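Printed here is target32.tsv (TSV, C-alpha atoms):
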chain	number	residue	atom	x	y	z
Y	1	MET	CA	91.53	79.44	93.92
Y	2	ASP	CA	93.08	80.00	90.49
Y	3	ILE	CA	92.10	82.77	88.08
Y	4	PRO	CA	90.72	81.11	84.89
Y	5	VAL	CA	92.80	81.44	81.72
Y	6	LEU	CA	90.95	81.86	78.41
Y	7	ASP	CA	92.29	81.69	74.85
Y	8	PHE	CA	91.39	84.86	72.95
Y	9	ALA	CA	92.13	83.09	69.65
Y	10	ASP	CA	88.88	81.16	70.18
Y	11	PHE	CA	87.00	84.45	70.00
Y	12	ALA	CA	89.07	86.23	67.35
Y	13	HIS	CA	89.62	83.33	64.94
Y	14	GLY	CA	87.50	80.41	66.11
Y	15	SER	CA	84.29	78.83	64.90
Y	16	GLN	CA	80.92	80.10	66.06
Y	17	ALA	CA	80.88	77.39	68.71
Y	18	GLN	CA	84.34	78.41	69.94
Y	19	GLN	CA	83.33	82.08	70.04
Y	20	ASP	CA	80.19	81.27	72.00
Y	21	ALA	CA	82.13	79.11	74.46
Y	22	PHE	CA	84.71	81.88	74.97
Y	23	CYS	CA	82.01	84.44	75.69
Y	24	GLN	CA	80.28	82.22	78.22
Y	25	LYS	CA	83.54	81.36	80.01
Y	26	LEU	CA	84.42	85.05	80.07
Y	27	HIS	CA	81.03	85.85	81.57
Y	28	ALA	CA	81.37	83.11	84.19
Y	29	SER	CA	84.77	84.31	85.39
Y	30	LEU	CA	83.90	88.00	85.43
Y	31	SER	CA	80.58	87.40	87.20
Y	32	THR	CA	82.13	85.29	89.98
Y	33	LEU	CA	85.65	86.72	90.42
Y	34	GLY	CA	85.63	90.01	88.53
Y	35	PHE	CA	88.96	88.87	87.04
Y	36	VAL	CA	90.15	86.64	84.20
Y	37	LYS	CA	93.42	85.91	82.41
Y	38	ILE	CA	93.59	86.02	78.61
Y	39	ARG	CA	96.26	84.42	76.43
Y	40	ASN	CA	96.83	84.75	72.67
Y	41	HIS	CA	95.43	88.27	72.65
Y	42	SER	CA	96.20	90.77	69.91
Y	43	ILE	CA	99.23	92.55	71.43
Y	44	PRO	CA	102.45	90.84	70.28
Y	45	ASP	CA	105.17	89.60	72.62
Y	46	GLU	CA	107.67	91.99	71.07
Y	47	THR	CA	105.46	94.99	71.84
Y	48	LEU	CA	105.06	93.93	75.46
Y	49	ASP	CA	108.80	93.42	75.80
Y	50	GLU	CA	109.32	96.89	74.38
Y	51	VAL	CA	106.88	98.66	76.70
Y	52	PHE	CA	108.52	97.05	79.72
Y	53	GLU	CA	111.94	98.04	78.41
Y	54	TRP	CA	110.75	101.63	78.37
Y	55	VAL	CA	109.65	101.58	81.99
Y	56	SER	CA	112.17	99.29	83.66
Y	57	ARG	CA	115.84	98.69	84.09
Y	58	PRO	CA	116.97	96.28	81.39
Y	59	PHE	CA	116.75	92.63	82.33
Y	60	GLN	CA	117.36	91.05	78.94
Y	61	PRO	CA	119.40	92.08	75.88
Y	62	LEU	CA	117.61	94.18	73.29
Y	63	GLN	CA	117.69	92.77	69.79
Y	64	ASP	CA	115.41	94.33	67.18
Y	65	ASN	CA	115.03	97.73	68.85
Y	66	MET	CA	118.65	98.62	69.45
Y	67	PHE	CA	117.98	102.38	69.53
Y	68	MET	CA	116.37	101.83	72.91
Y	69	ALA	CA	119.65	100.59	74.34
Y	70	GLN	CA	120.84	104.19	74.04
Y	71	SER	CA	117.71	105.62	75.69
Y	72	LYS	CA	117.17	106.06	79.38
Y	73	LYS	CA	114.05	104.29	80.60
Y	74	PHE	CA	111.36	106.48	82.05
Y	75	PHE	CA	111.52	105.54	85.72
Y	76	ASP	CA	115.33	105.61	85.66
Y	77	LEU	CA	115.35	109.27	84.66
Y	78	PRO	CA	116.79	111.73	87.17
Y	79	LEU	CA	114.20	113.55	89.26
Y	80	GLU	CA	114.66	116.81	87.38
Y	81	ASP	CA	113.84	115.05	84.09
Y	82	LYS	CA	110.74	113.31	85.45
Y	83	LEU	CA	109.58	116.67	86.80
Y	84	GLN	CA	109.41	117.87	83.19
Y	85	ALA	CA	106.38	115.58	82.88
Y	86	ALA	CA	105.02	116.00	86.40
Y	87	HIS	CA	101.39	115.28	87.27
Y	88	PRO	CA	99.82	118.41	88.79
Y	89	VAL	CA	99.47	118.55	92.56
Y	90	GLN	CA	95.69	118.40	92.15
Y	91	ALA	CA	93.75	115.52	90.55
Y	92	ASN	CA	93.28	117.15	87.13
Y	93	PRO	CA	94.57	116.86	84.54
Y	94	HIS	CA	95.21	113.20	85.37
Y	95	ARG	CA	98.31	113.07	83.21
Y	96	GLY	CA	102.05	112.72	83.67
Y	97	TRP	CA	104.36	111.43	86.39
Y	98	SER	CA	103.13	111.01	89.99
Y	99	CYS	CA	105.84	110.64	92.62
Y	100	VAL	CA	105.85	107.99	95.34
Y	101	GLY	CA	103.04	108.67	97.80
Y	102	GLN	CA	101.29	111.32	95.67
Y	103	GLU	CA	98.24	109.18	94.86
Y	104	LYS	CA	96.24	107.86	97.83
Y	105	LEU	CA	93.79	105.21	96.65
Y	106	SER	CA	93.10	103.95	100.17
Y	107	VAL	CA	91.07	107.10	100.91
Y	108	ILE	CA	88.27	105.91	98.61
Y	109	ARG	CA	87.54	102.69	100.47
Y	110	GLN	CA	89.02	103.19	103.94
Y	111	GLY	CA	88.50	106.92	104.43
Y	112	LYS	CA	92.12	107.34	105.48
Y	113	ALA	CA	95.41	107.51	103.66
Y	114	VAL	CA	97.70	104.47	103.66
Y	115	PHE	CA	101.08	105.23	102.13
Y	116	ASP	CA	101.43	103.56	98.72
Y	117	LEU	CA	105.02	102.74	97.73
Y	118	LYS	CA	104.49	103.46	94.04
Y	119	GLU	CA	105.24	105.98	91.31
Y	120	SER	CA	103.33	106.12	88.03
Y	121	PHE	CA	102.94	107.77	84.64
Y	122	ASP	CA	99.48	108.42	83.15
Y	123	GLN	CA	98.47	109.23	79.59
Y	124	GLY	CA	95.22	109.54	77.67
Y	125	PRO	CA	94.32	109.62	73.98
Y	126	GLN	CA	96.49	111.62	71.59
Y	127	CYS	CA	94.00	114.40	70.86
Y	128	ASP	CA	92.17	115.18	74.09
Y	129	PRO	CA	91.23	118.88	74.10
Y	130	LEU	CA	90.19	118.71	77.76
Y	131	TYR	CA	93.32	117.04	79.16
Y	132	PRO	CA	96.35	117.01	76.84
Y	133	ASN	CA	99.06	114.49	77.61
Y	134	ILE	CA	102.16	115.47	79.57
Y	135	PHE	CA	105.23	113.72	78.15
Y	136	PRO	CA	108.90	114.36	78.82
Y	137	PRO	CA	110.43	116.29	75.90
Y	138	PRO	CA	111.92	114.15	73.13
Y	139	THR	CA	115.38	115.46	73.95
Y	140	THR	CA	115.02	113.85	77.38
Y	141	LEU	CA	113.56	110.52	76.25
Y	142	PRO	CA	113.74	110.05	72.47
Y	143	HIS	CA	111.09	107.84	70.81
Y	144	PHE	CA	109.14	107.37	74.07
Y	145	ARG	CA	106.04	109.36	73.13
Y	146	PRO	CA	105.40	107.85	69.66
Y	147	PHE	CA	105.84	104.34	71.00
Y	148	MET	CA	103.46	104.95	73.91
Y	149	GLU	CA	100.87	106.49	71.60
Y	150	ARG	CA	100.96	103.41	69.37
Y	151	PHE	CA	100.74	101.10	72.37
Y	152	TYR	CA	97.75	103.06	73.69
Y	153	GLU	CA	95.88	102.50	70.41
Y	154	SER	CA	96.65	98.76	70.51
Y	155	CYS	CA	95.18	98.56	74.01
Y	156	GLN	CA	92.08	100.50	72.99
Y	157	THR	CA	91.43	98.08	70.12
Y	158	LEU	CA	91.72	95.12	72.49
Y	159	HIS	CA	89.50	96.89	75.04
Y	160	LEU	CA	86.73	97.22	72.42
Y	161	HIS	CA	87.09	93.57	71.36
Y	162	LEU	CA	86.64	92.45	74.96
Y	163	LEU	CA	83.57	94.67	75.39
Y	164	THR	CA	82.17	93.06	72.25
Y	165	ALA	CA	82.66	89.60	73.77
Y	166	ILE	CA	81.03	90.72	77.03
Y	167	ALA	CA	78.02	92.08	75.13
Y	168	LEU	CA	77.64	88.79	73.28
Y	169	SER	CA	77.87	86.92	76.59
Y	170	PHE	CA	74.63	88.70	77.58
Y	171	SER	CA	73.05	87.84	74.18
Y	172	LEU	CA	73.15	91.53	73.28
Y	173	PRO	CA	74.25	93.15	70.00
Y	174	PRO	CA	78.05	93.23	69.61
Y	175	THR	CA	78.17	97.05	69.72
Y	176	PHE	CA	76.02	97.32	72.85
Y	177	PHE	CA	78.91	98.48	75.07
Y	178	THR	CA	81.37	99.74	72.45
Y	179	ALA	CA	78.84	102.33	71.23
Y	180	ARG	CA	79.17	103.90	74.68
Y	181	CYS	CA	82.98	104.05	74.32
Y	182	SER	CA	83.35	105.49	70.83
Y	183	ARG	CA	85.01	108.80	71.80
Y	184	ASN	CA	87.74	107.15	73.88
Y	185	SER	CA	88.57	108.71	77.22
Y	186	SER	CA	90.53	105.68	78.44
Y	187	GLU	CA	93.84	105.99	80.29
Y	188	LEU	CA	97.14	104.13	80.12
Y	189	ARG	CA	99.34	103.88	83.20
Y	190	LEU	CA	102.92	102.75	83.79
Y	191	ASN	CA	103.61	101.68	87.38
Y	192	HIS	CA	106.90	101.33	89.23
Y	193	TYR	CA	106.97	99.92	92.75
Y	194	PRO	CA	110.43	100.77	94.17
Y	195	PRO	CA	112.29	98.18	96.25
Y	196	ALA	CA	111.79	98.17	100.01
Y	197	THR	CA	114.99	97.52	101.91
Y	198	CYS	CA	114.83	99.00	105.41
Y	199	ALA	CA	113.35	97.03	108.30
Y	200	ALA	CA	110.67	99.67	108.95
Y	201	ASP	CA	109.35	99.49	105.37
Y	202	LEU	CA	109.43	95.68	105.35
Y	203	SER	CA	107.46	95.55	108.59
Y	204	ALA	CA	104.98	98.17	107.35
Y	205	LEU	CA	104.37	96.20	104.15
Y	206	ALA	CA	103.88	93.04	106.18
Y	207	ASP	CA	101.36	94.54	108.62
Y	208	GLY	CA	99.46	96.57	105.99
Y	209	SER	CA	100.28	100.04	107.29
Y	210	MET	CA	102.09	100.55	103.97
Y	211	MET	CA	101.05	99.03	100.63
Y	212	ARG	CA	102.51	98.95	97.17
Y	213	ILE	CA	99.00	99.94	96.13
Y	214	SER	CA	96.05	99.90	98.52
Y	215	SER	CA	92.90	97.86	97.97
Y	216	HIS	CA	90.66	99.55	95.41
Y	217	THR	CA	88.39	99.01	92.45
Y	218	ASP	CA	88.96	100.56	89.03
Y	219	PHE	CA	86.65	103.28	87.79
Y	220	GLY	CA	85.87	102.32	84.19
Y	221	THR	CA	84.66	99.44	82.03
Y	222	VAL	CA	87.42	96.83	82.07
Y	223	THR	CA	91.12	97.13	82.90
Y	224	LEU	CA	93.86	95.43	80.88
Y	225	LEU	CA	96.89	94.67	83.04
Y	226	PHE	CA	100.35	93.38	82.18
Y	227	GLN	CA	102.78	92.65	85.02
Y	228	ASP	CA	106.36	91.50	85.37
Y	229	GLY	CA	107.44	88.35	87.20
Y	230	VAL	CA	107.78	89.75	90.72
Y	231	GLY	CA	104.22	89.18	91.97
Y	232	GLY	CA	102.22	90.72	94.78
Y	233	LEU	CA	98.90	91.38	93.00
Y	234	GLU	CA	95.91	90.07	94.96
Y	235	VAL	CA	92.16	90.12	94.27
Y	236	GLU	CA	89.51	90.02	96.99
Y	237	ASP	CA	87.22	86.98	96.96
Y	238	GLN	CA	83.78	88.39	96.14
Y	239	ASP	CA	82.11	85.87	98.44
Y	240	ARG	CA	84.50	86.32	101.39
Y	241	SER	CA	85.19	89.91	102.33
Y	242	GLY	CA	88.79	90.49	103.39
Y	243	VAL	CA	90.08	87.25	101.82
Y	244	TYR	CA	92.56	87.96	99.02
Y	245	ILE	CA	93.62	85.59	96.24
Y	246	PRO	CA	97.13	85.93	94.73
Y	247	VAL	CA	97.18	86.57	90.98
Y	248	LEU	CA	100.45	84.87	90.16
Y	249	PRO	CA	102.50	86.28	87.28
Y	250	THR	CA	103.23	84.21	84.22
Y	251	VAL	CA	106.89	84.25	83.23
Y	252	ARG	CA	107.33	83.28	79.61
Y	253	SER	CA	111.01	82.35	79.67
Y	254	GLY	CA	114.33	83.35	81.17
Y	255	SER	CA	114.81	84.16	84.84
Y	256	GLY	CA	112.02	84.34	87.39
Y	257	ASP	CA	110.01	81.59	89.03
Y	258	GLY	CA	106.50	82.78	88.14
Y	259	ASN	CA	105.35	82.23	91.72
Y	260	GLY	CA	105.88	85.72	93.06
Y	261	GLY	CA	109.15	84.65	94.64
Y	262	GLY	CA	110.75	88.00	93.99
Y	263	LYS	CA	112.80	87.27	90.85
Y	264	ARG	CA	112.12	89.24	87.71
Y	265	GLY	CA	111.56	87.42	84.44
Y	266	ARG	CA	110.38	88.23	80.95
Y	267	VAL	CA	106.96	89.78	80.56
Y	268	GLY	CA	104.14	87.27	80.85
Y	269	ARG	CA	102.16	86.69	77.66
Y	270	GLU	CA	98.91	86.48	79.58
Y	271	LEU	CA	96.74	89.53	79.99
Y	272	ILE	CA	94.84	90.12	83.23
Y	273	VAL	CA	91.37	91.62	82.74
Y	274	ASN	CA	89.18	92.93	85.54
Y	275	VAL	CA	85.76	94.55	85.74
Y	276	GLY	CA	85.54	98.27	86.51
Y	277	ASP	CA	82.87	100.22	88.37
Y	278	CYS	CA	81.10	101.58	85.28
Y	279	LEU	CA	80.57	98.09	83.87
Y	280	GLN	CA	79.27	96.98	87.27
Y	281	ARG	CA	76.79	99.85	87.26
Y	282	TRP	CA	75.69	99.23	83.67
Y	283	THR	CA	75.03	95.56	84.42
Y	284	ASN	CA	73.25	96.29	87.72
Y	285	ASP	CA	75.84	94.21	89.61
Y	286	ARG	CA	75.62	91.20	87.32
Y	287	LEU	CA	79.33	91.82	86.77
Y	288	ARG	CA	81.04	93.29	89.82
Y	289	SER	CA	84.31	95.16	90.09
Y	290	ALA	CA	86.60	93.32	92.50
Y	291	ASN	CA	88.81	95.00	95.06
Y	292	HIS	CA	92.47	94.34	94.38
Y	293	ARG	CA	95.81	95.46	95.77
Y	294	VAL	CA	99.56	94.97	95.44
Y	295	THR	CA	101.41	93.85	98.54
Y	296	LEU	CA	104.27	91.46	99.28
Y	297	PRO	CA	104.89	88.70	96.73
Y	298	VAL	CA	103.56	85.33	97.88
Y	299	GLY	CA	107.06	83.91	98.22
Y	300	MET	CA	108.03	86.68	100.64
Y	301	LYS	CA	105.12	86.21	103.03
Y	302	MET	CA	105.67	84.12	106.12
Y	303	LYS	CA	103.05	82.39	108.19
Y	304	GLY	CA	101.15	84.90	110.25
Y	305	GLY	CA	101.53	87.62	107.62
Y	306	SER	CA	105.04	88.75	108.48
Y	307	CYS	CA	107.71	89.47	105.91
Y	308	ALA	CA	110.67	87.20	105.37
Y	309	GLY	CA	113.77	89.14	106.29
Y	310	SER	CA	111.91	91.92	108.11
Y	311	GLY	CA	113.09	90.69	111.46
Y	312	SER	CA	109.57	89.77	112.59
Y	313	GLY	CA	107.90	86.43	112.94
Y	314	SER	CA	109.13	82.99	112.07
Y	315	GLY	CA	108.08	80.24	109.74
Y	316	SER	CA	108.64	78.93	106.24
Y	317	GLY	CA	110.48	81.19	103.86
Y	318	GLY	CA	112.52	82.89	106.55
Y	319	ALA	CA	115.90	81.49	105.61
Y	320	ALA	CA	118.10	83.69	103.51
Y	321	GLY	CA	117.75	82.87	99.85
Y	322	GLY	CA	114.65	80.76	100.47
Y	323	SER	CA	110.97	81.03	99.64
Y	324	SER	CA	107.81	79.27	100.72
Y	325	ASN	CA	107.08	78.81	97.01
Y	326	GLY	CA	110.45	77.45	96.02
Y	327	GLY	CA	111.80	80.65	94.44
Y	328	THR	CA	114.90	82.52	95.52
Y	329	PHE	CA	115.22	86.15	96.56
Y	330	HIS	CA	117.11	88.41	98.92
Y	331	THR	CA	115.12	88.23	102.14
Y	332	HIS	CA	116.13	91.76	103.18
Y	333	GLU	CA	114.65	93.42	100.11
Y	334	VAL	CA	111.24	93.46	98.46
Y	335	PRO	CA	112.33	93.78	94.82
Y	336	ARG	CA	111.14	96.51	92.51
Y	337	ARG	CA	108.03	95.70	90.47
Y	338	TYR	CA	106.65	97.05	87.19
Y	339	SER	CA	103.21	96.83	85.62
Y	340	VAL	CA	101.31	98.43	82.74
Y	341	ALA	CA	97.56	99.05	83.05
Y	342	TYR	CA	95.04	100.26	80.47
Y	343	PHE	CA	91.89	101.58	82.14
Y	344	GLY	CA	89.04	101.29	79.65
Y	345	LYS	CA	86.58	104.15	80.13
Y	346	PRO	CA	83.16	105.02	78.69
Y	347	ASP	CA	82.57	108.24	76.78
Y	348	ARG	CA	82.57	111.10	79.26
Y	349	GLU	CA	78.94	111.97	78.55
Y	350	ALA	CA	77.72	108.34	78.71
Y	351	LEU	CA	75.31	107.64	81.55
Y	352	VAL	CA	76.48	105.10	84.11
Y	353	GLY	CA	73.17	104.04	85.58
Y	354	ALA	CA	71.90	100.49	85.16
Y	355	ILE	CA	71.00	99.83	81.51
Y	356	PRO	CA	67.37	98.59	81.24
Y	357	GLU	CA	68.28	95.62	79.03
Y	358	LEU	CA	70.54	94.33	81.82
Y	359	VAL	CA	68.05	94.63	84.68
Y	360	ARG	CA	66.32	91.28	85.08
Y	361	ASP	CA	62.58	90.98	85.62
Y	362	GLY	CA	61.68	91.64	89.23
Y	363	GLU	CA	65.15	92.99	90.03
Y	364	GLN	CA	65.62	96.34	91.73
Y	365	VAL	CA	67.46	99.02	89.78
Y	366	LYS	CA	70.57	99.64	91.89
Y	367	TYR	CA	72.04	102.53	89.92
Y	368	GLY	CA	69.58	105.13	88.69
Y	369	GLY	CA	69.82	108.82	88.00
Y	370	THR	CA	71.63	110.77	85.32
Y	371	MET	CA	75.25	110.57	86.49
Y	372	THR	CA	77.68	110.56	83.59
Y	373	ALA	CA	80.90	108.56	83.35
Y	374	TRP	CA	82.83	111.82	83.66
Y	375	GLU	CA	81.01	112.78	86.85
Y	376	TYR	CA	81.53	109.33	88.33
Y	377	ASN	CA	85.22	109.28	87.42
Y	378	GLN	CA	85.73	112.70	88.98
Y	379	SER	CA	83.90	111.71	92.17
Y	380	ARG	CA	86.49	108.96	92.65
Y	381	LEU	CA	89.57	110.69	91.28
Y	382	LEU	CA	89.22	113.84	93.37
Y	383	GLN	CA	89.59	111.76	96.53
Y	384	THR	CA	92.96	110.35	95.54
Y	385	TYR	CA	95.10	113.50	95.08
Now that the file is in, can you turn its structure into C-alpha cells?
Amino acid sequence: MDIPVLDFADFAHGSQAQQDAFCQKLHASLSTLGFVKIRNHSIPDETLDEVFEWVSRPFQPLQDNMFMAQSKKFFDLPLEDKLQAAHPVQANPHRGWSCVGQEKLSVIRQGKAVFDLKESFDQGPQCDPLYPNIFPPPTTLPHFRPFMERFYESCQTLHLHLLTAIALSFSLPPTFFTARCSRNSSELRLNHYPPATCAADLSALADGSMMRISSHTDFGTVTLLFQDGVGGLEVEDQDRSGVYIPVLPTVRSGSGDGNGGGKRGRVGRELIVNVGDCLQRWTNDRLRSANHRVTLPVGMKMKGGSCAGSGSGSGSGGAAGGSSNGGTFHTHEVPRRYSVAYFGKPDREALVGAIPELVRDGEQVKYGGTMTAWEYNQSRLLQTY
C-alpha cells in the first residue's frame, strides 16, 4: 500500500474546485491511513537543504550558505558541547539535546522500555515563558539558533494552513481548528539515528528488541516530517493491527536510491503529514493517529525479518553490496539517519475532548471531560523520561 501524494499548490493557489478536491483527498488519506505525503508545500528546497546541513554530516557541497561550511553541525559536536544544551533528566522542560536512550517512547504503548537508538534536539516557540529554549551558545554553533527559529516559524505557518484545509474538509469554517492553536505551543525536533555496526545491535534491530524509535503516536494536532534518503519509517495499517507499511523516502537528486536501501541522498521535497492524538480526540476518531516507528530500512530487511549482514537468517538481500530493493549498502552497517519533525500542538489551555460539531448524530462521544491539551501532553510526556 502506497501513501497518497497530494499537491499543496492545488490548495494554496488553485481554483475553488482544485481546493475542494485537495481537501477531500486530504480527508480521505488521513481518515484511512492517518498519513499523507504533500508536495509543493510552502517550505523551499533551499531551506530544507539548510536544515539538514545543520543536523548532519555534509553530503553535498554548500553553495549559497558558505558560512555554514565553517560551522560544526549540531550532532557532530563533541559531547561536552552538546551537554551545553542538554535536555534535563526529567521530562520538563522538554527542550534541548537528549542523548541516545534517554527518551523511551515504547513505555507509552507497551508498558516496558525498548532501547531506542536515537538522539534528538527539541525546541519550542521563541518566547515561551513556561519553557524557554535550550540552545548551544553562539560561540559553540554560530548562526544555528536564528536559523532554527526562522525554520520553526515556517513550519508553524504550514501547520496552520494544513489545519485550515482539514477544517474545510469537514465543511467547517476555515479557522475552526486554527483558533485553538493561536498561542503556539508546538515543538520542533531534530533526530539523529546513529549507525549500527556490531552484530548484537544488528540482530536486536532485526528482532525488535532495539528500535531506532519504538512504535508510538504523536501527541498533538498534525506532525510535519522531513526525512533523508535512508528509510526505515513505517506506519501501522489502521485496519490490520501489527502490520506496518514502509513510508519510502523521496530522494530529489544526487546519490541515494529512494527505496530505503541505505544510501543517503538529498532531502526529499515531499512532506509527510500524520494525525496526532489531539486531532483524533477533537474529531471523535473520525481522523485517527496512526502508530509509526523507525526500524531497519526496507532494503536491509531479509525474508523472515532478519537483518542483512547481521549474521542471522538467509534470503534476498544478504549478499554484500546487495539489496532486495535494488539499492546498494554495506551489509554490516545500518547507516545513520536524520529527520526533522514539527509537532503541531493546540493551545495549552484548549480542551481536547470531542468537539460537538464533529460528533455525528447517534454517535457516542468517545472523549469527554475537561482535559486540556497541556494536561494530555504531560500525561504522555511524563512516561517517556
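Taking atom CA of Pro194 of chain Y and atom CA of Gln102 of chain Y as endpoints, the distance between them is 14.0 Å.
For the choices Y:Gln90, Y:Ser29, Y:Ser241, Y:Ser203, the atom-to-atom distance to Glu333 of chain Y is smallest for Y:Ser203 when using all atoms listed in the file.
Going from atom CA of Trp374 of chain Y to atom CA of Asn184 of chain Y covers 11.9 Å.
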Please measure the separation of atom CA of Asp76 of chain Y and atom CA of Asp116 of chain Y, giving the value in Å to one decimal. 19.2 Å
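Using all atoms listed in the file, the nearest neighbour of Phe35 of chain Y within the list Y:Glu103, Y:Glu50, Y:Asp2, Y:Asp20 is Y:Asp2.
Near Gln238 of chain Y, within a cut-off of 9 Å and counting all atoms listed in the file, sit the residues Y:Thr32, Y:Leu33, Y:Gly34, Y:Val243, Y:Arg288, Y:Ala290, Y:Asn291, with same-chain residues fewer than 5 positions away left out.
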Which centre and which edge lengths, in Å to one decimal, describe the axis-aligned box that holds all listed atoms of segment 138-148 of chain Y after 8 Å is added on each side, as lines of an AutoDock Vina configuration file?
center_x = 109.4
center_y = 109.9
center_z = 73.5
size_x = 27.9
size_y = 27.1
size_z = 23.7
Residues within 12 Å of Gln19 of chain Y, all atoms listed in the file, excluding chain neighbours under 6 positions, as a ChimeraX atom specification: /Y:6-13,25-26,162,164-166,168-169
Go ahead and write the residues just picked, C-alpha atoms, as a PDB file, in the coordinates of the input.
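Printed below is selection_17.pdb as written:
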ATOM      1  CA  LEU Y   6      90.950  81.860  78.410  1.00  0.00           C
ATOM      2  CA  ASP Y   7      92.290  81.690  74.850  1.00  0.00           C
ATOM      3  CA  PHE Y   8      91.390  84.860  72.950  1.00  0.00           C
ATOM      4  CA  ALA Y   9      92.130  83.090  69.650  1.00  0.00           C
ATOM      5  CA  ASP Y  10      88.880  81.160  70.180  1.00  0.00           C
ATOM      6  CA  PHE Y  11      87.000  84.450  70.000  1.00  0.00           C
ATOM      7  CA  ALA Y  12      89.070  86.230  67.350  1.00  0.00           C
ATOM      8  CA  HIS Y  13      89.620  83.330  64.940  1.00  0.00           C
ATOM      9  CA  LYS Y  25      83.540  81.360  80.010  1.00  0.00           C
ATOM     10  CA  LEU Y  26      84.420  85.050  80.070  1.00  0.00           C
ATOM     11  CA  LEU Y 162      86.640  92.450  74.960  1.00  0.00           C
ATOM     12  CA  THR Y 164      82.170  93.060  72.250  1.00  0.00           C
ATOM     13  CA  ALA Y 165      82.660  89.600  73.770  1.00  0.00           C
ATOM     14  CA  ILE Y 166      81.030  90.720  77.030  1.00  0.00           C
ATOM     15  CA  LEU Y 168      77.640  88.790  73.280  1.00  0.00           C
ATOM     16  CA  SER Y 169      77.870  86.920  76.590  1.00  0.00           C
TER      17      SER Y 169
END
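Nearest residue to Glu46 of chain Y, choosing from Y:Arg269, Y:Val294, Y:His87, Y:Tyr376 and counting only C-alpha atoms: Y:Arg269.
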Might you pull out every residue within 10 Å of Lys366 of chain Y, with only C-alpha atoms counted and same-chain residues fewer than 5 positions away left off, and present them as a PyMOL selection string? chain Y and resi 281-285+353-354+359
Could you list as a ChimeraX atom specification every residue that has an atom within 6 Å of (103.0, 96.9, 89.6), using the file's coordinates and counting only C-alpha atoms? /Y:191-193,337-339
When you look at segment 274-277 of chain Y with a cut-off of 9 Å (counting all atoms listed in the file), what residues show up, excluding the ones that are within fewer than 5 positions of it in the same chain? I need them as a ChimeraX atom specification. /Y:30-31,33-37,217-225,282,287-290,343-345
Contacts of Ser98 of chain Y at 10 Å or less, counting all atoms listed in the file, minus same-chain residues fewer than 4 places along, as a PDB file with C-alpha atoms, keeping the file's coordinate frame?
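What follows is the written file selection-v8.pdb:
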ATOM      1  CA  LYS Y  82     110.740 113.310  85.450  1.00  0.00           C
ATOM      2  CA  LEU Y  83     109.580 116.670  86.800  1.00  0.00           C
ATOM      3  CA  ALA Y  85     106.380 115.580  82.880  1.00  0.00           C
ATOM      4  CA  ALA Y  86     105.020 116.000  86.400  1.00  0.00           C
ATOM      5  CA  HIS Y  87     101.390 115.280  87.270  1.00  0.00           C
ATOM      6  CA  PRO Y  88      99.820 118.410  88.790  1.00  0.00           C
ATOM      7  CA  VAL Y  89      99.470 118.550  92.560  1.00  0.00           C
ATOM      8  CA  HIS Y  94      95.210 113.200  85.370  1.00  0.00           C
ATOM      9  CA  GLN Y 102     101.290 111.320  95.670  1.00  0.00           C
ATOM     10  CA  GLU Y 103      98.240 109.180  94.860  1.00  0.00           C
ATOM     11  CA  LYS Y 118     104.490 103.460  94.040  1.00  0.00           C
ATOM     12  CA  GLU Y 119     105.240 105.980  91.310  1.00  0.00           C
ATOM     13  CA  SER Y 120     103.330 106.120  88.030  1.00  0.00           C
ATOM     14  CA  PHE Y 121     102.940 107.770  84.640  1.00  0.00           C
ATOM     15  CA  ASP Y 122      99.480 108.420  83.150  1.00  0.00           C
ATOM     16  CA  ASN Y 191     103.610 101.680  87.380  1.00  0.00           C
ATOM     17  CA  TYR Y 385      95.100 113.500  95.080  1.00  0.00           C
TER      18      TYR Y 385
END
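Closest approach to Ser215 of chain Y among Y:Val340, Y:Phe115, Y:Gln280, Y:Thr175 is made by Y:Phe115 (distances from only C-alpha atoms).
You can rank Y:Arg189, Y:Phe177, Y:Phe22, Y:Val334 by their closest distance to Pro4 of chain Y using only C-alpha atoms, and at the top of that list sits Y:Phe22.
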